[in-house]
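Have a look at model-v5.tsv below; it lists TSV, C-alpha atoms.
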chain	number	residue	atom	x	y	z
A	1	MET	CA	59.61	224.93	37.94
A	2	GLY	CA	56.27	224.52	36.20
A	3	LEU	CA	53.62	227.21	36.00
A	4	LEU	CA	51.04	225.40	38.13
A	5	HIS	CA	53.62	224.71	40.84
A	6	GLY	CA	54.54	228.37	40.77
A	7	MET	CA	50.88	229.31	41.10
A	8	MET	CA	50.52	227.14	44.18
A	9	LEU	CA	53.63	228.65	45.73
A	10	LEU	CA	52.25	232.12	45.08
A	11	LEU	CA	48.98	231.21	46.75
A	12	THR	CA	50.87	229.84	49.75
A	13	VAL	CA	52.91	233.02	50.10
A	14	LEU	CA	50.00	235.37	49.57
A	15	LEU	CA	47.66	233.70	52.03
A	16	ARG	CA	49.97	233.01	54.95
A	17	PRO	CA	48.59	234.39	58.23
A	18	ALA	CA	49.84	237.89	58.93
A	19	ALA	CA	51.50	236.85	62.20
A	20	ILE	CA	54.13	234.74	60.46
A	21	TRP	CA	55.23	237.17	57.78
A	22	ALA	CA	59.02	237.33	57.78
A	23	ASP	CA	58.91	241.14	57.70
A	24	ASP	CA	56.09	242.45	59.84
A	25	THR	CA	57.07	246.10	59.38
A	26	PRO	CA	53.82	247.72	58.22
A	27	ILE	CA	53.60	248.65	54.57
A	28	PRO	CA	52.75	252.36	54.55
A	29	ARG	CA	49.32	253.26	53.17
A	30	LEU	CA	48.45	249.64	52.51
A	31	ALA	CA	44.89	250.04	53.79
A	32	GLU	CA	44.42	253.08	51.54
A	33	TRP	CA	45.77	251.14	48.56
A	34	GLU	CA	43.29	248.35	49.31
A	35	ALA	CA	40.37	250.76	49.68
A	36	ASN	CA	41.20	252.55	46.42
A	37	MET	CA	41.47	249.20	44.65
A	38	THR	CA	37.89	248.23	45.44
A	39	THR	CA	36.29	251.68	45.40
A	40	TYR	CA	37.63	252.72	42.03
A	41	GLY	CA	37.55	249.15	40.73
A	42	LYS	CA	33.78	249.03	41.19
A	43	GLN	CA	33.42	252.32	39.34
A	44	HIS	CA	35.44	251.09	36.40
A	45	CYS	CA	33.69	247.75	36.33
A	46	ALA	CA	30.35	249.54	36.02
A	47	LYS	CA	31.68	251.51	33.04
A	48	LEU	CA	32.46	248.25	31.23
A	49	ALA	CA	28.88	246.98	31.25
A	50	PRO	CA	27.53	246.37	27.73
A	51	LYS	CA	26.16	249.43	25.98
A	52	THR	CA	27.25	251.89	28.68
A	53	ALA	CA	29.79	253.45	26.28
A	54	ASP	CA	31.20	252.96	22.81
A	55	TRP	CA	33.90	250.34	22.24
A	56	ALA	CA	36.78	252.83	21.97
A	57	THR	CA	35.90	254.46	25.29
A	58	GLN	CA	35.66	251.12	27.04
A	59	ALA	CA	38.87	249.88	25.43
A	60	GLU	CA	40.73	252.91	26.78
A	61	SER	CA	39.41	252.03	30.25
A	62	ILE	CA	41.03	248.59	30.20
A	63	TYR	CA	44.35	249.67	28.70
A	64	TYR	CA	47.09	248.01	30.76
A	65	ASP	CA	45.32	244.68	30.96
A	66	GLY	CA	42.09	245.37	32.77
A	67	GLU	CA	41.21	241.68	32.74
A	68	ARG	CA	44.34	240.82	34.71
A	69	VAL	CA	43.68	243.68	37.13
A	70	PHE	CA	40.18	242.45	37.93
A	71	TYR	CA	41.28	238.84	38.33
A	72	GLN	CA	43.95	239.98	40.78
A	73	ILE	CA	41.36	241.93	42.75
A	74	ALA	CA	39.24	238.77	42.91
A	75	LEU	CA	42.19	236.95	44.42
A	76	TYR	CA	43.25	239.67	46.79
A	77	THR	CA	39.76	240.23	48.20
A	78	ASN	CA	38.62	236.59	48.06
A	79	ASP	CA	35.53	237.96	46.29
A	80	PRO	CA	34.56	235.95	43.17
A	81	SER	CA	32.18	238.65	41.96
A	82	TRP	CA	35.19	240.47	40.50
A	83	LYS	CA	35.40	237.70	37.90
A	84	ASP	CA	32.38	239.30	36.25
A	85	CYS	CA	34.40	242.49	35.85
A	86	ALA	CA	37.24	240.47	34.33
A	87	ALA	CA	34.76	238.93	31.90
A	88	ARG	CA	33.59	242.38	30.82
A	89	ALA	CA	37.18	243.46	30.18
A	90	GLU	CA	37.80	240.24	28.27
A	91	ALA	CA	34.81	240.80	25.99
A	92	ILE	CA	36.14	244.24	25.08
A	93	TYR	CA	39.79	243.35	24.54
A	94	ARG	CA	39.73	239.72	23.40
A	95	ASP	CA	36.47	239.62	21.47
A	96	GLY	CA	36.48	243.21	20.28
A	97	TYR	CA	40.16	243.59	19.40
A	98	VAL	CA	42.46	240.58	19.59
A	99	LEU	CA	40.37	238.01	17.74
A	100	PRO	CA	39.08	240.30	14.97
A	101	HIS	CA	42.71	241.25	14.25
A	102	GLN	CA	44.02	237.68	14.61
A	103	GLY	CA	46.33	238.84	17.37
A	104	GLY	CA	47.75	241.70	15.34
A	105	ALA	CA	47.74	244.13	18.24
A	106	ALA	CA	49.75	247.32	18.25
A	107	GLY	CA	53.08	246.98	20.01
A	108	PHE	CA	51.93	249.16	22.91
A	109	ASN	CA	48.69	247.22	23.33
A	110	ASN	CA	49.94	243.63	23.60
A	111	PHE	CA	48.46	242.40	26.89
A	112	SER	CA	47.92	238.68	27.32
A	113	GLY	CA	48.30	238.27	31.07
A	114	GLY	CA	44.60	238.43	31.86
A	115	LEU	CA	43.79	236.09	29.00
A	116	MET	CA	46.36	233.60	30.25
A	117	MET	CA	44.85	233.78	33.72
A	118	ASP	CA	41.40	233.22	32.27
A	119	TYR	CA	42.56	230.10	30.47
A	120	HIS	CA	44.05	228.61	33.62
A	121	LEU	CA	41.04	229.50	35.73
A	122	THR	CA	38.29	228.54	33.29
A	123	GLN	CA	39.94	226.35	30.61
A	124	ASP	CA	38.45	228.68	27.99
A	125	ALA	CA	40.09	227.58	24.75
A	126	THR	CA	39.22	230.92	23.13
A	127	SER	CA	41.42	232.73	25.66
A	128	GLN	CA	44.18	230.19	25.04
A	129	ARG	CA	43.96	230.91	21.32
A	130	ALA	CA	44.03	234.68	21.93
A	131	VAL	CA	47.21	234.38	24.00
A	132	THR	CA	48.84	232.37	21.23
A	133	LEU	CA	47.76	234.80	18.54
A	134	LEU	CA	49.20	237.78	20.40
A	135	ALA	CA	52.55	236.01	20.78
A	136	GLN	CA	52.57	235.18	17.09
A	137	ASN	CA	51.12	238.25	15.41
A	138	ALA	CA	51.33	241.35	17.61
A	139	ALA	CA	53.62	244.10	16.38
A	140	PHE	CA	57.30	243.21	16.89
A	141	ALA	CA	56.39	239.67	18.04
A	142	LYS	CA	56.49	237.96	14.67
A	143	ASP	CA	59.45	235.74	13.90
A	144	GLY	CA	61.68	237.44	11.39
A	145	THR	CA	60.97	240.96	12.68
A	146	PRO	CA	64.29	242.80	12.24
A	147	LEU	CA	65.98	243.19	15.61
A	148	ASN	CA	67.24	246.65	14.73
A	149	TRP	CA	63.64	247.87	14.81
A	150	THR	CA	63.57	247.57	18.60
A	151	ALA	CA	67.25	247.91	19.52
A	152	ASP	CA	66.90	251.47	20.78
A	153	ALA	CA	65.56	251.92	24.33
A	154	PHE	CA	62.82	254.09	22.84
A	155	TYR	CA	61.10	250.76	22.09
A	156	SER	CA	61.60	249.26	25.53
A	157	ARG	CA	57.90	248.85	26.18
A	158	GLU	CA	57.32	246.98	22.97
A	159	VAL	CA	60.19	244.60	23.74
A	160	ALA	CA	58.93	244.04	27.29
A	161	TYR	CA	55.44	243.23	26.02
A	162	VAL	CA	56.85	240.76	23.50
A	163	ILE	CA	58.80	239.00	26.27
A	164	MET	CA	55.65	238.70	28.38
A	165	ALA	CA	53.61	237.59	25.38
A	166	TYR	CA	56.07	234.78	24.61
A	167	LEU	CA	56.15	233.62	28.22
A	168	ASN	CA	52.37	233.77	28.55
A	169	ALA	CA	52.07	231.66	25.40
A	170	GLU	CA	54.41	229.11	26.98
A	171	ALA	CA	52.12	229.09	30.00
A	172	VAL	CA	49.16	228.02	27.85
A	173	GLY	CA	51.05	225.24	26.12
A	174	GLU	CA	53.08	226.79	23.30
A	175	PRO	CA	56.75	225.83	22.85
A	176	ARG	CA	59.45	228.31	23.77
A	177	ARG	CA	60.15	230.80	21.02
A	178	PRO	CA	63.83	230.96	20.03
A	179	ARG	CA	63.33	234.70	19.60
A	180	LEU	CA	62.71	235.05	23.36
A	181	THR	CA	66.48	235.11	23.89
A	182	ASP	CA	66.86	237.98	21.44
A	183	MET	CA	64.18	239.98	23.24
A	184	ILE	CA	65.71	239.36	26.66
A	185	ASN	CA	69.07	240.45	25.26
A	186	GLN	CA	67.49	243.66	23.98
A	187	ALA	CA	65.75	244.39	27.28
A	188	LEU	CA	69.02	243.94	29.12
A	189	ASP	CA	70.69	246.26	26.64
A	190	HIS	CA	67.96	248.85	27.18
A	191	ILE	CA	68.91	248.90	30.86
A	192	ASP	CA	72.53	249.37	29.82
A	193	GLN	CA	71.53	252.21	27.49
A	194	TRP	CA	69.73	253.92	30.38
A	195	PHE	CA	72.14	253.33	33.26
A	196	GLY	CA	75.36	251.75	31.94
A	197	ARG	CA	76.72	253.41	28.87
A	198	LYS	CA	73.95	256.06	29.19
A	199	SER	CA	73.39	256.38	25.48
A	200	ALA	CA	69.58	256.58	25.64
A	201	SER	CA	68.08	259.89	24.59
A	202	PHE	CA	65.87	259.87	27.69
A	203	VAL	CA	64.91	257.75	30.68
A	204	ARG	CA	61.31	257.30	31.82
A	205	PRO	CA	60.99	255.45	35.12
A	206	PHE	CA	57.65	253.87	34.26
A	207	MET	CA	59.16	252.39	31.10
A	208	VAL	CA	62.03	251.04	33.16
A	209	GLY	CA	59.43	249.51	35.47
A	210	ILE	CA	57.76	247.73	32.58
A	211	THR	CA	61.10	246.36	31.41
A	212	MET	CA	61.89	245.16	34.94
A	213	GLN	CA	58.54	243.38	35.15
A	214	ALA	CA	59.22	241.53	31.91
A	215	LEU	CA	62.74	240.58	32.97
A	216	ILE	CA	61.59	239.37	36.37
A	217	GLN	CA	59.03	237.17	34.65
A	218	ALA	CA	61.77	235.98	32.29
A	219	HIS	CA	64.04	235.20	35.21
A	220	ALA	CA	61.32	233.06	36.79
A	221	ALA	CA	61.02	231.12	33.53
A	222	THR	CA	64.65	230.89	32.44
A	223	GLY	CA	66.88	231.55	35.45
A	224	ASP	CA	69.00	233.85	33.29
A	225	PRO	CA	71.78	234.93	35.69
A	226	ARG	CA	72.22	238.28	33.96
A	227	ILE	CA	68.80	239.50	35.01
A	228	PRO	CA	69.14	240.06	38.80
A	229	PRO	CA	72.20	242.34	38.54
A	230	ALA	CA	70.50	244.24	35.72
A	231	ILE	CA	67.47	244.82	37.94
A	232	LYS	CA	69.72	246.18	40.67
A	233	THR	CA	71.44	248.46	38.17
A	234	ALA	CA	68.06	249.81	37.10
A	235	LEU	CA	66.83	250.31	40.67
A	236	ASP	CA	69.98	252.14	41.67
A	237	GLY	CA	69.94	254.27	38.55
A	238	LEU	CA	66.30	255.19	38.98
A	239	TRP	CA	66.88	256.59	42.44
A	240	SER	CA	68.58	259.63	40.93
A	241	LEU	CA	65.18	260.45	39.39
A	242	TRP	CA	63.30	260.23	42.68
A	243	ASP	CA	61.79	263.55	43.83
A	244	ALA	CA	61.62	263.19	47.60
A	245	GLY	CA	59.47	266.29	48.01
A	246	ALA	CA	56.86	265.09	45.54
A	247	GLN	CA	57.26	261.43	46.61
A	248	ALA	CA	57.33	260.48	42.95
A	249	PHE	CA	59.71	259.73	40.13
A	250	LEU	CA	60.20	262.38	37.49
A	251	TYR	CA	58.27	261.53	34.35
A	252	THR	CA	61.42	261.94	32.24
A	253	ASN	CA	65.02	262.71	33.12
A	254	VAL	CA	65.23	265.49	30.51
A	255	ASP	CA	62.97	268.08	28.93
A	256	THR	CA	61.99	266.48	25.63
A	257	SER	CA	60.60	269.75	24.27
A	258	LYS	CA	64.22	270.70	23.65
A	259	PHE	CA	64.83	267.73	21.35
A	260	PRO	CA	65.02	268.27	17.58
A	261	GLN	CA	61.49	268.09	16.22
A	262	ASN	CA	62.19	264.93	14.22
A	263	ALA	CA	63.84	263.13	17.16
A	264	PRO	CA	62.12	260.14	18.81
A	265	GLY	CA	60.29	261.31	21.91
A	266	TYR	CA	60.20	264.97	20.91
A	267	ASN	CA	57.92	266.98	23.20
A	268	THR	CA	56.39	263.93	24.88
A	269	GLY	CA	57.04	264.89	28.47
A	270	GLY	CA	59.38	266.64	30.83
A	271	ARG	CA	60.74	266.50	34.35
A	272	GLN	CA	57.46	266.89	36.21
A	273	PRO	CA	56.81	264.36	39.01
A	274	ALA	CA	54.47	261.53	37.98
A	275	PRO	CA	53.08	259.85	41.13
A	276	ASP	CA	50.37	258.10	39.14
A	277	LEU	CA	53.15	255.92	37.65
A	278	ASN	CA	54.95	255.02	40.90
A	279	LEU	CA	53.29	251.63	41.17
A	280	LEU	CA	54.63	250.57	37.79
A	281	VAL	CA	58.07	250.68	39.44
A	282	ALA	CA	57.54	249.76	43.10
A	283	PRO	CA	57.24	245.94	42.80
A	284	ALA	CA	60.78	245.59	41.49
A	285	PHE	CA	62.11	247.14	44.71
A	286	ALA	CA	60.24	244.51	46.73
A	287	TRP	CA	61.47	241.72	44.46
A	288	TRP	CA	65.09	242.74	44.98
A	289	TYR	CA	64.52	243.15	48.72
A	290	ALA	CA	63.07	239.64	48.91
A	291	ARG	CA	66.01	238.23	46.97
A	292	THR	CA	68.68	239.97	49.05
A	293	GLY	CA	67.22	241.02	52.39
A	294	ASP	CA	68.72	244.48	51.81
A	295	VAL	CA	66.41	246.84	53.69
A	296	THR	CA	67.60	249.80	51.63
A	297	TYR	CA	65.36	248.52	48.83
A	298	ARG	CA	62.49	247.85	51.25
A	299	ASP	CA	62.69	251.42	52.53
A	300	ARG	CA	62.95	252.92	49.05
A	301	GLY	CA	60.16	250.67	47.80
A	302	ASP	CA	57.93	251.74	50.67
A	303	GLN	CA	58.49	255.37	49.72
A	304	VAL	CA	57.60	254.66	46.11
A	305	PHE	CA	54.54	252.62	47.08
A	306	ALA	CA	53.26	255.13	49.63
A	307	GLY	CA	53.92	258.10	47.37
A	308	GLY	CA	51.97	256.48	44.59
A	309	VAL	CA	49.03	255.64	46.83
A	310	ALA	CA	48.91	259.06	48.48
A	311	ASN	CA	49.30	261.15	45.37
A	312	ALA	CA	47.60	259.19	42.58
A	313	LYS	CA	43.99	259.74	43.62
A	314	ASN	CA	43.58	262.57	41.15
A	315	TRP	CA	44.05	259.99	38.37
A	316	LEU	CA	42.38	256.81	39.62
A	317	TYR	CA	39.00	257.80	38.23
A	318	LEU	CA	40.53	257.19	34.79
A	319	GLY	CA	40.55	253.56	33.70
A	320	LYS	CA	44.02	253.58	32.17
A	321	GLN	CA	45.60	255.09	35.28
A	322	PHE	CA	43.68	252.74	37.56
A	323	ASP	CA	44.97	249.76	35.59
A	324	GLN	CA	48.52	251.11	35.66
A	325	ASN	CA	48.34	251.38	39.45
A	326	TYR	CA	47.01	247.85	39.98
A	327	TRP	CA	48.61	246.02	37.05
A	328	TRP	CA	51.30	244.37	39.17
A	329	SER	CA	51.31	246.29	42.47
A	330	PRO	CA	49.70	243.32	44.33
A	331	LEU	CA	53.08	241.66	43.93
A	332	TYR	CA	54.65	244.52	45.88
A	333	VAL	CA	52.65	243.30	48.86
A	334	VAL	CA	53.53	239.66	48.22
A	335	TRP	CA	57.28	240.15	47.89
A	336	ARG	CA	57.50	242.83	50.56
A	337	LYS	CA	55.83	240.61	53.16
A	338	ALA	CA	57.64	237.45	52.13
A	339	ALA	CA	61.06	239.04	52.52
A	340	THR	CA	63.40	238.50	55.47
A	341	PRO	CA	65.37	241.56	56.59
A	342	GLY	CA	69.08	240.96	56.30
A	343	ARG	CA	68.78	237.52	54.75
A	344	PRO	CA	68.31	236.53	51.09
A	345	LEU	CA	65.35	234.34	50.29
A	346	GLN	CA	66.99	231.69	48.13
A	347	ALA	CA	63.63	229.92	47.88
A	348	LEU	CA	61.68	232.94	46.67
A	349	PRO	CA	58.89	231.42	44.57
A	350	PRO	CA	59.41	231.98	40.82
A	351	MET	CA	56.07	233.71	40.56
A	352	SER	CA	54.57	234.30	37.17
A	353	MET	CA	54.14	238.01	36.73
A	354	THR	CA	50.81	237.60	35.03
A	355	THR	CA	49.25	234.70	36.89
A	356	MET	CA	47.64	234.95	40.28
A	357	PRO	CA	45.39	232.00	41.13
A	358	ASN	CA	41.81	232.33	42.24
A	359	ALA	CA	41.54	232.47	46.02
A	360	ALA	CA	37.80	232.87	46.38
A	361	SER	CA	37.55	229.78	48.57
A	362	ALA	CA	40.47	230.66	50.84
A	363	SER	CA	39.74	231.43	54.46
A	364	ALA	CA	42.64	233.80	55.06
A	365	THR	CA	42.50	237.46	54.18
A	366	PRO	CA	45.67	238.61	52.42
A	367	GLY	CA	47.07	242.06	52.61
A	368	THR	CA	46.57	242.89	56.27
A	369	PRO	CA	49.72	244.07	58.05

Could you rewrite the structure in this file as structure tokens?
Amino acid sequence: MGLLHGMMLLLTVLLRPAAIWADDTPIPRLAEWEANMTTYGKQHCAKLAPKTADWATQAESIYYDGERVFYQIALYTNDPSWKDCAARAEAIYRDGYVLPHQGGAAGFNNFSGGLMMDYHLTQDATSQRAVTLLAQNAAFAKDGTPLNWTADAFYSREVAYVIMAYLNAEAVGEPRRPRLTDMINQALDHIDQWFGRKSASFVRPFMVGITMQALIQAHAATGDPRIPPAIKTALDGLWSLWDAGAQAFLYTNVDTSKFPQNAPGYNTGGRQPAPDLNLLVAPAFAWWYARTGDVTYRDRGDQVFAGGVANAKNWLYLGKQFDQNYWWSPLYVVWRKAATPGRPLQALPPMSMTTMPNAASASATPGTP
């Protein structure tokens, strides 16, 4: 199904009147999530105004695709003024980083979702070019990059970002990259390293969440039948790292300070709960619930969502953490409300993970239980 058709389906799902949602069980702390989105979003938007801070400080504030985050807020609130915030983020990332480096972004900083949205919403050819450049020239995205460089799950984020970069480039008119299959294969193998053969040196739930986002986007584009069972494997495996008392996933499944000092990941984090990262994982629970109707994943997802909302406020004043929390959590609401308890949604729209259409002219108000 084409991107624009998928966008229209997403808009239809997101803006249906609340009374006809298939699952009208209230999403816990939804109103608080909405309030935090706009309250802290306005604060971060103000920090992105020209000359309010140096480029490096502002760039840190939009890490995790601030442009996409602000465009999604514009949709969710039906408030077009948020587009100005997206434009500020774009000027920092696209004009201050991507274009001067001809797309040669670091592997951990390859974010083209907001740029792809901007192209579809505004037809800005500069954003189209930036998306293409990131898919061609970002670290690990270039054709010919040795696959063994990213085979280990330690590089799961970089592989996930390459997958999304390739798919976003397709969405702005580029042909499919043959290397996409290799990257999907590696992401699936990363899940197997974590939860199948358990050969990974550590597991970080937020990294698993990023991989699941990329694979869900890949499934929408390719229909790869291996992806849904891999998502379930990841969701089930992650639950062993859920701290019910803290209402958060552990940051890491092991204490990395005990690794050899030359080992990848040495001393980069331990088993402390990390509620500020919950919302990087939650949407995958709702996606699986919508696909299957299995309320176990709804109930677990609601715990993850609510725990993140309740316990992340100490971090939302930081731009990076704000973006992490709102990068794809709007899709938790979409999938969670679209689902039918006890019945799979065979017609679940193949929503693009990085495209949410502008809804400024819509009369309905999404997000109310």

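Between CA of Val295 in chain A and CA of Phe202 in chain A there is a distance of 29.1 Å.
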
Proximity of range 47-74 of chain A to range 92-101 of chain A: per-residue shortest pair, 9 Å limit, all atoms listed in the file, as a Markdown table:
| residue | atom | partner | partner_atom | distance |
| --- | --- | --- | --- | --- |
| A:Leu48 | CA | A:Ile92 | CA | 8.2 |
| A:Trp55 | CA | A:Ile92 | CA | 7.1 |
| A:Gln58 | CA | A:Ile92 | CA | 7.2 |
| A:Ala59 | CA | A:Ile92 | CA | 6.3 |
| A:Ile62 | CA | A:Tyr93 | CA | 7.8 |
| A:Tyr63 | CA | A:Tyr93 | CA | 8.8 |
| A:Asp65 | CA | A:Tyr93 | CA | 8.6 |
| A:Gly66 | CA | A:Tyr93 | CA | 8.8 |
| A:Glu67 | CA | A:Tyr93 | CA | 8.5 |

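Shortest atom-to-atom contact with Val334 in chain A among A:Gly319, A:Pro275, A:Gly144, A:Pro283: A:Pro283, counting all atoms listed in the file.
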
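Across A:Val162, A:Glu90, A:Thr296, A:Ser61, the tightest approach to Gln43 in chain A is made by A:Ser61 when counting only C-alpha atoms.
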
| message | Give me, as number ranges by chain, all polymer residues having an atom no more than 6 Å from Gln128 in chain A, counting only C-alpha atoms and skipping those fewer than 3 positions away in the same chain. | response | A: 119, 125, 131

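For range 237-247 of chain A, the non-local neighbours within 8 Å, defined as residues at least 5 positions apart in the same chain or in other chains and counting all atoms listed in the file, are Phe195, Pro205, Asn253, Pro273, Pro275, Gln303, Val304, Gly307 and Gly308 of chain A.
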
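With all atoms listed in the file as the atoms that count, the residue of A:Asp152, A:Asp189, A:Asp323, A:Asp79 with the shortest distance to Gly41 in chain A is A:Asp323.
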
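Checking A:Leu280, A:Val254, A:Met116, A:Ala74 one by one against Gly173 in chain A, counting all atoms listed in the file, you find the shortest gap at A:Met116.
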
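Residues lying within 7 Å of Gly103 in chain A, counting only C-alpha atoms and ignoring same-chain neighbours fewer than 3 positions away, are Val98, Leu99, Ala130, Leu133, Leu134, Asn137 and Ala138 of chain A.
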
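Each of A:Ala91, A:Thr132, A:Phe206, A:Lys142 was checked against Pro178 in chain A using only C-alpha atoms; the smallest atom-to-atom distance is that of A:Lys142.
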
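If only C-alpha atoms are the atoms counted, then among A:Trp327, A:Phe285, A:Tyr64, A:Tyr166 the closest residue to Ala339 in chain A is A:Phe285.
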
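Within a radius of 9 Å around (69.0, 248.2, 31.0), the polymer residues are Ala153, Gln186, Ala187, Leu188, Asp189, His190, Ile191, Asp192, Gln193, Trp194, Phe195, Gly196, Val208, Thr211, Met212, Ala230, Ile231, Thr233 and Ala234 of chain A, counting all atoms listed in the file.
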
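From CA of Thr57 in chain A back to CA of Lys83 in chain A, the distance works out to 21.0 Å.
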
Arg157 in chain A environment, 10 Å, only C-alpha atoms, sequence neighbours closer than 2 positions dropped, as a short mmCIF file (atom, residue, chain, number, x, y, z; two decimals) with C-alpha atoms, in the frame of the given file:
data_model
loop_
_atom_site.label_atom_id
_atom_site.label_comp_id
_atom_site.auth_asym_id
_atom_site.auth_seq_id
_atom_site.Cartn_x
_atom_site.Cartn_y
_atom_site.Cartn_z
CA GLY A 107 53.08 246.98 20.01
CA PHE A 108 51.93 249.16 22.91
CA ASN A 109 48.69 247.22 23.33
CA ASN A 110 49.94 243.63 23.60
CA THR A 150 63.57 247.57 18.60
CA ALA A 153 65.56 251.92 24.33
CA PHE A 154 62.82 254.09 22.84
CA TYR A 155 61.10 250.76 22.09
CA VAL A 159 60.19 244.60 23.74
CA ALA A 160 58.93 244.04 27.29
CA TYR A 161 55.44 243.23 26.02
CA VAL A 162 56.85 240.76 23.50
CA ILE A 163 58.80 239.00 26.27
CA ALA A 187 65.75 244.39 27.28
CA PHE A 206 57.65 253.87 34.26
CA MET A 207 59.16 252.39 31.10
CA VAL A 208 62.03 251.04 33.16
CA GLY A 209 59.43 249.51 35.47
CA ILE A 210 57.76 247.73 32.58
CA THR A 211 61.10 246.36 31.41
CA ALA A 214 59.22 241.53 31.91
#

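Note that the spacing between CA of Gln272 in chain A and CA of Leu250 in chain A amounts to 5.4 Å.
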
| request: Mind listing whatever residues come within 12 Å of the point (69.7, 242.5, 16.0)? Use all atoms listed in the file, file coordinates, and give them as an MDAnalysis selection string. | output: chainID A and resid 144:152 179 181:186 189

Just-selected residues, C-alpha atoms written as an mmCIF file, in the frame of the given file:
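Final output, saved to again-v2.cif:
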data_model
loop_
_atom_site.group_PDB
_atom_site.id
_atom_site.type_symbol
_atom_site.label_atom_id
_atom_site.label_comp_id
_atom_site.auth_asym_id
_atom_site.auth_seq_id
_atom_site.Cartn_x
_atom_site.Cartn_y
_atom_site.Cartn_z
ATOM 1 C CA GLY A 144 61.680 237.440 11.390
ATOM 2 C CA THR A 145 60.970 240.960 12.680
ATOM 3 C CA PRO A 146 64.290 242.800 12.240
ATOM 4 C CA LEU A 147 65.980 243.190 15.610
ATOM 5 C CA ASN A 148 67.240 246.650 14.730
ATOM 6 C CA TRP A 149 63.640 247.870 14.810
ATOM 7 C CA THR A 150 63.570 247.570 18.600
ATOM 8 C CA ALA A 151 67.250 247.910 19.520
ATOM 9 C CA ASP A 152 66.900 251.470 20.780
ATOM 10 C CA ARG A 179 63.330 234.700 19.600
ATOM 11 C CA THR A 181 66.480 235.110 23.890
ATOM 12 C CA ASP A 182 66.860 237.980 21.440
ATOM 13 C CA MET A 183 64.180 239.980 23.240
ATOM 14 C CA ILE A 184 65.710 239.360 26.660
ATOM 15 C CA ASN A 185 69.070 240.450 25.260
ATOM 16 C CA GLN A 186 67.490 243.660 23.980
ATOM 17 C CA ASP A 189 70.690 246.260 26.640
#

| Got a sec: who's within 9 Å of Met37 in chain A, counting all atoms listed in the file, leaving out chain neighbours fewer than 5 positions off, as a ChimeraX atom specification? | /A:32,42,73,322,325-326
